[in-house]
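Notes follow once the structure below has been shown.
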Amino acid sequence: MNGAHLAVEKVSHTYRRGRQQALSEIDIEVNPGEALALVGRSGCGKSTLLHIMSGLIAPTDGKVWIDGMKVEEPSPSWVVMFQQPSLYPWMTVAQNVALGLRFTGRSGEIASRVPEMLKLVELSDYADRNVQDLSGGQQQRVALARSLAPSPEILFLDEPFSALDAFTRGSLQRDVRRIAKEFGITLVLVTHDLAEAVTMAERAVVLSANPGRIRDIVPIELENRDDLRTPEYAKARGRLAAAYENAAGLGLAPVAEPDAGDADSPRQHSSALPAAR
């Protein structure tokens with residue numbers, strides 16, 4: 001599996017009750033197997049955009065395409081992980097992991113698929129435990145296993161690690177990225193944490209607010225994402241921080257101007273999308 005291609009085409013959104021435009025003219029392309037982060041200050045529309053991408057919300061204007069198919073509703077081919085694991089507390093770990101397969105009519109795969117997923121998230125010894133007995137990090141691993149069981153092509157992450165301690169959060173960040181690379185899953189991540197964006201993503205879309213617009217697209221090129229003490233990591237984080245500050249109107253640091261011929265220039269990536277495949 002190589003993951004899915006995602007295209008966001010001229011998406012704008014206005015909430016009916018607030019009558020305030022949340023997003024304006026968003027164009028993004030995510031390549032199969034790529035990891036993309038959506039970053040920006042609170043209220044810039046990151047989660048709204050993620051929910052539109054995944055079919056949970058219909059945009060006021062514009063379209064979203066996944067592998068050439070217009071997104072109009074959720075699908076088992078793409079899965080959203082939220083801040084809370086949303087597990088059924090009266091079920092065991094294995095029963096919770098099996099839910100995605102049951103809901104998609106694939107109950108015949110449960111006996112083989114669930115143990116495979118539990119091994120992948122390092123919870124094999126907890127299969128028969130009640131989820132209420134697990135730590136927060138373990139519960140998110142159960143949610144991750146449940147999300148991966150139906151073999152999605154895209155995994156949308158809406159700050160699922162934000163409530164965890166730093167050690168557990170870092171462990172899950174590395175594991176999710178490793179699993180996504182191993183299985184070729186496309187990742188789209190919403191985060192306030194710039195370190196998390198640098199650790200997990202290959203590009204970061206930086207949004208400004210009122211309404212949410214793309215202010216910059218920052219490439220993140222690191223050979224080693226497990227060591228946060230390297231000069232390469234510091235440089236990548238500094239570049240993203242500068243873009244974040246400029247988008248937020250803080251103006252604390254300038255964004256380095258890329259060479260005109262740099263194929264990875266944010267200016268090169270922020271052009272309007274071609275028609276979906």
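Here, A, B, ... name the chains of the structure tokens in the order displayed, residue numbers run from 1 inside each chain, and ligands are numbered from 1 in the same displayed order.
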Surrounding residues of Pro89 of chain A excluding itself and chain neighbours under 6 positions, 10 Å, only C-alpha atoms, as JSON, numbers by chain: {"A": [96, 130, 131, 132, 133]}
Residue selection dump (C-alpha atoms) as a PDB file, in the first residue's frame:
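Output (out-v2.pdb):
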ATOM      1  CA  ASN A  96     -12.190  -2.172  21.070  1.00  0.00           C
ATOM      2  CA  ASN A 130     -10.430  -3.760  30.334  1.00  0.00           C
ATOM      3  CA  VAL A 131      -9.502  -0.435  28.742  1.00  0.00           C
ATOM      4  CA  GLN A 132     -10.418   1.429  31.939  1.00  0.00           C
ATOM      5  CA  ASP A 133      -7.386  -0.179  33.586  1.00  0.00           C
TER       6      ASP A 133
END
Each residue of segment 205-231 of chain A with at least one atom at most 7 Å from segment 36-45 of chain A should appear once, together with its nearest atom pair and the corresponding distance in Å (one decimal); atoms considered: only C-alpha atoms; ordering: chain, then increasing residue number; output as JSON lines.
{"residue": "A:Val205", "atom": "CA", "partner": "A:Leu38", "partner_atom": "CA", "distance": 4.9}
{"residue": "A:Val206", "atom": "CA", "partner": "A:Val39", "partner_atom": "CA", "distance": 5.1}
{"residue": "A:Leu207", "atom": "CA", "partner": "A:Gly40", "partner_atom": "CA", "distance": 5.0}
{"residue": "A:Ser208", "atom": "CA", "partner": "A:Cys44", "partner_atom": "CA", "distance": 5.8}
{"residue": "A:Ala209", "atom": "CA", "partner": "A:Cys44", "partner_atom": "CA", "distance": 4.1}
{"residue": "A:Asn210", "atom": "CA", "partner": "A:Cys44", "partner_atom": "CA", "distance": 6.6}
{"residue": "A:Pro211", "atom": "CA", "partner": "A:Cys44", "partner_atom": "CA", "distance": 6.8}
{"residue": "A:Gly212", "atom": "CA", "partner": "A:Cys44", "partner_atom": "CA", "distance": 4.7}
With C-alpha atoms retained, write the just-selected residues as a PDB file, in the first residue's frame.
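Output file again12.pdb is given in full below:
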ATOM      1  CA  VAL A 205       1.277  24.124   6.245  1.00  0.00           C
ATOM      2  CA  VAL A 206       1.278  27.296   8.357  1.00  0.00           C
ATOM      3  CA  LEU A 207      -2.119  28.983   8.673  1.00  0.00           C
ATOM      4  CA  SER A 208      -2.964  32.557   9.625  1.00  0.00           C
ATOM      5  CA  ALA A 209      -6.322  33.365  11.217  1.00  0.00           C
ATOM      6  CA  ASN A 210      -9.524  35.372  10.652  1.00  0.00           C
ATOM      7  CA  PRO A 211     -10.147  33.715   8.265  1.00  0.00           C
ATOM      8  CA  GLY A 212      -7.777  30.770   8.064  1.00  0.00           C
TER       9      GLY A 212
END
Point-to-point distance from atom CA of Ala180 of chain A to atom CA of Ala204 of chain A, Å rounded to tenths: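 It comes out at 17.0 Å.
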Which of segment 113-251 of chain A fall in strand (DSSP E or B), as a ChimeraX atom specification: /A:130,154-158,186-190,203-208,212-219
Selection to disk with C-alpha atoms, as an mmCIF file, in the first residue's frame:
data_model
loop_
_atom_site.group_PDB
_atom_site.id
_atom_site.type_symbol
_atom_site.label_atom_id
_atom_site.label_comp_id
_atom_site.auth_asym_id
_atom_site.auth_seq_id
_atom_site.Cartn_x
_atom_site.Cartn_y
_atom_site.Cartn_z
ATOM 1 C CA ASN A 130 -10.430 -3.760 30.334
ATOM 2 C CA ILE A 154 -4.915 8.113 5.144
ATOM 3 C CA LEU A 155 -4.639 8.689 8.884
ATOM 4 C CA PHE A 156 -5.863 12.093 10.087
ATOM 5 C CA LEU A 157 -4.521 13.110 13.514
ATOM 6 C CA ASP A 158 -6.358 15.861 15.410
ATOM 7 C CA THR A 186 -0.545 9.155 4.191
ATOM 8 C CA LEU A 187 -0.525 11.267 7.385
ATOM 9 C CA VAL A 188 -2.212 14.628 8.000
ATOM 10 C CA LEU A 189 -1.541 16.043 11.449
ATOM 11 C CA VAL A 190 -3.044 19.020 13.312
ATOM 12 C CA ARG A 203 6.051 19.540 5.242
ATOM 13 C CA ALA A 204 4.149 21.944 7.459
ATOM 14 C CA VAL A 205 1.277 24.124 6.245
ATOM 15 C CA VAL A 206 1.278 27.296 8.357
ATOM 16 C CA LEU A 207 -2.119 28.983 8.673
ATOM 17 C CA SER A 208 -2.964 32.557 9.625
ATOM 18 C CA GLY A 212 -7.777 30.770 8.064
ATOM 19 C CA ARG A 213 -5.470 31.133 5.061
ATOM 20 C CA ILE A 214 -2.248 29.433 4.042
ATOM 21 C CA ARG A 215 0.552 31.795 5.010
ATOM 22 C CA ASP A 216 3.482 29.503 4.275
ATOM 23 C CA ILE A 217 4.376 25.905 3.475
ATOM 24 C CA VAL A 218 7.639 24.859 5.100
ATOM 25 C CA PRO A 219 9.567 21.752 3.981
#
Neighbour list for Val79 of chain A as a PyMOL selection string, cut-off 10 Å, only C-alpha atoms, skip fewer than 5 positions in-chain: chain A and resi 54+74+100+144+146-148+150-157
Would you mind exporting the chosen residues as a PDB file, in the first residue's frame, restricted to N, CA and C atoms?
ATOM      1  N   SER A  54     -11.456  15.018   5.850  1.00  0.00           N
ATOM      2  CA  SER A  54     -11.858  13.652   6.173  1.00  0.00           C
ATOM      3  C   SER A  54     -13.334  13.382   5.920  1.00  0.00           C
ATOM      4  N   PRO A  74     -17.425  10.513   5.537  1.00  0.00           N
ATOM      5  CA  PRO A  74     -16.331   9.676   6.044  1.00  0.00           C
ATOM      6  C   PRO A  74     -16.264   8.346   5.301  1.00  0.00           C
ATOM      7  N   GLY A 100     -13.555  -1.358  14.346  1.00  0.00           N
ATOM      8  CA  GLY A 100     -13.482  -0.868  12.969  1.00  0.00           C
ATOM      9  C   GLY A 100     -13.759  -1.959  11.957  1.00  0.00           C
ATOM     10  N   LEU A 144      -5.127   3.813  18.321  1.00  0.00           N
ATOM     11  CA  LEU A 144      -4.297   3.716  17.119  1.00  0.00           C
ATOM     12  C   LEU A 144      -4.467   2.352  16.463  1.00  0.00           C
ATOM     13  N   ARG A 146      -7.016   0.356  16.698  1.00  0.00           N
ATOM     14  CA  ARG A 146      -8.366   0.331  16.128  1.00  0.00           C
ATOM     15  C   ARG A 146      -8.406   1.088  14.796  1.00  0.00           C
ATOM     16  N   SER A 147      -7.701   2.202  14.725  1.00  0.00           N
ATOM     17  CA  SER A 147      -7.664   2.986  13.492  1.00  0.00           C
ATOM     18  C   SER A 147      -6.944   2.254  12.370  1.00  0.00           C
ATOM     19  N   LEU A 148      -5.900   1.517  12.716  1.00  0.00           N
ATOM     20  CA  LEU A 148      -5.086   0.845  11.704  1.00  0.00           C
ATOM     21  C   LEU A 148      -5.688  -0.478  11.232  1.00  0.00           C
ATOM     22  N   PRO A 150      -8.547  -1.477   9.928  1.00  0.00           N
ATOM     23  CA  PRO A 150      -9.178  -1.568   8.597  1.00  0.00           C
ATOM     24  C   PRO A 150      -8.247  -1.241   7.431  1.00  0.00           C
ATOM     25  N   SER A 151      -6.948  -1.058   7.702  1.00  0.00           N
ATOM     26  CA  SER A 151      -5.945  -0.732   6.671  1.00  0.00           C
ATOM     27  C   SER A 151      -6.272   0.566   5.937  1.00  0.00           C
ATOM     28  N   PRO A 152      -6.362   1.685   6.643  1.00  0.00           N
ATOM     29  CA  PRO A 152      -6.688   2.956   5.977  1.00  0.00           C
ATOM     30  C   PRO A 152      -5.536   3.437   5.099  1.00  0.00           C
ATOM     31  N   GLU A 153      -5.881   4.227   4.102  1.00  0.00           N
ATOM     32  CA  GLU A 153      -4.868   4.812   3.229  1.00  0.00           C
ATOM     33  C   GLU A 153      -4.413   6.181   3.736  1.00  0.00           C
ATOM     34  N   ILE A 154      -5.272   6.831   4.530  1.00  0.00           N
ATOM     35  CA  ILE A 154      -4.915   8.113   5.144  1.00  0.00           C
ATOM     36  C   ILE A 154      -5.279   8.057   6.620  1.00  0.00           C
ATOM     37  N   LEU A 155      -4.372   8.557   7.459  1.00  0.00           N
ATOM     38  CA  LEU A 155      -4.639   8.689   8.884  1.00  0.00           C
ATOM     39  C   LEU A 155      -4.602  10.170   9.229  1.00  0.00           C
ATOM     40  N   PHE A 156      -5.757  10.703   9.665  1.00  0.00           N
ATOM     41  CA  PHE A 156      -5.863  12.093  10.087  1.00  0.00           C
ATOM     42  C   PHE A 156      -5.708  12.156  11.604  1.00  0.00           C
ATOM     43  N   LEU A 157      -4.816  13.007  12.086  1.00  0.00           N
ATOM     44  CA  LEU A 157      -4.521  13.110  13.514  1.00  0.00           C
ATOM     45  C   LEU A 157      -4.890  14.505  14.011  1.00  0.00           C
TER      46      LEU A 157
END
Contacts of Ala166 of chain A within 12 Å, only C-alpha atoms, excl. fewer than 6 positions in-chain, as a compact mmCIF listing (two decimals) with N, CA and C atoms, in the first residue's frame:
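And here's part-v3.txt as it stands now:
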# COMPACT_ATOMS: atom_id res chain seq x y z
N GLY A 137 -1.68 6.90 27.75
CA GLY A 137 -0.88 6.54 26.59
C GLY A 137 -1.26 5.18 26.02
N LEU A 172 4.85 7.86 21.18
CA LEU A 172 3.76 7.66 20.22
C LEU A 172 4.03 8.39 18.90
N GLN A 173 4.61 9.55 18.96
CA GLN A 173 4.96 10.27 17.73
C GLN A 173 5.88 9.43 16.86
N ASP A 193 2.07 22.00 18.54
CA ASP A 193 3.43 21.71 19.01
C ASP A 193 4.38 21.69 17.81
N ALA A 195 7.57 21.18 17.77
CA ALA A 195 8.48 20.05 17.85
C ALA A 195 7.82 18.78 17.30
N GLU A 196 6.53 18.62 17.58
CA GLU A 196 5.79 17.47 17.06
C GLU A 196 5.71 17.53 15.54
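When only C-alpha atoms are used to compute distances to Thr104 of chain A, the closest of the residues A:Val142, A:Val11, A:Ala149, A:Leu120 turns out to be A:Ala149.
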Spatial neighbours of Leu118 of chain A, 10 Å, only C-alpha atoms, chain gap at least 2 places, as a list in words: Val93, Ala94, Val97, Arg113, Val114, Pro115, Glu116, Leu120, Val121, Glu122, Leu123, Ser124, Asp125, Tyr126, Ala127, Arg141, Val142, Leu144, Ala145, Arg146 and Ala149 of chain A
Atom CA of Lys181 of chain A to atom CA of Ala35 of chain A, straight-line distance in Å: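 Taking atom CA of Ala35 of chain A as the start and atom CA of Lys181 of chain A as the end point, the length is 9.0 Å.
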Which of segment 137-246 of chain A fall in helix (DSSP H, G or I), as a PyMOL selection string: chain A and resi 137-148+166-183+194-200+231-246
Shell around Tyr15 of chain A at 12 Å using only C-alpha atoms, local window under 4 positions removed, as a VMD selection string: chain A and resid 19 to 23 45 48 57 to 61 211
Distance in Å - atom CA of Ala241 of chain A versus atom CA of Leu194 of chain A: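 Distance reported for this atom pair: 7.0 Å.
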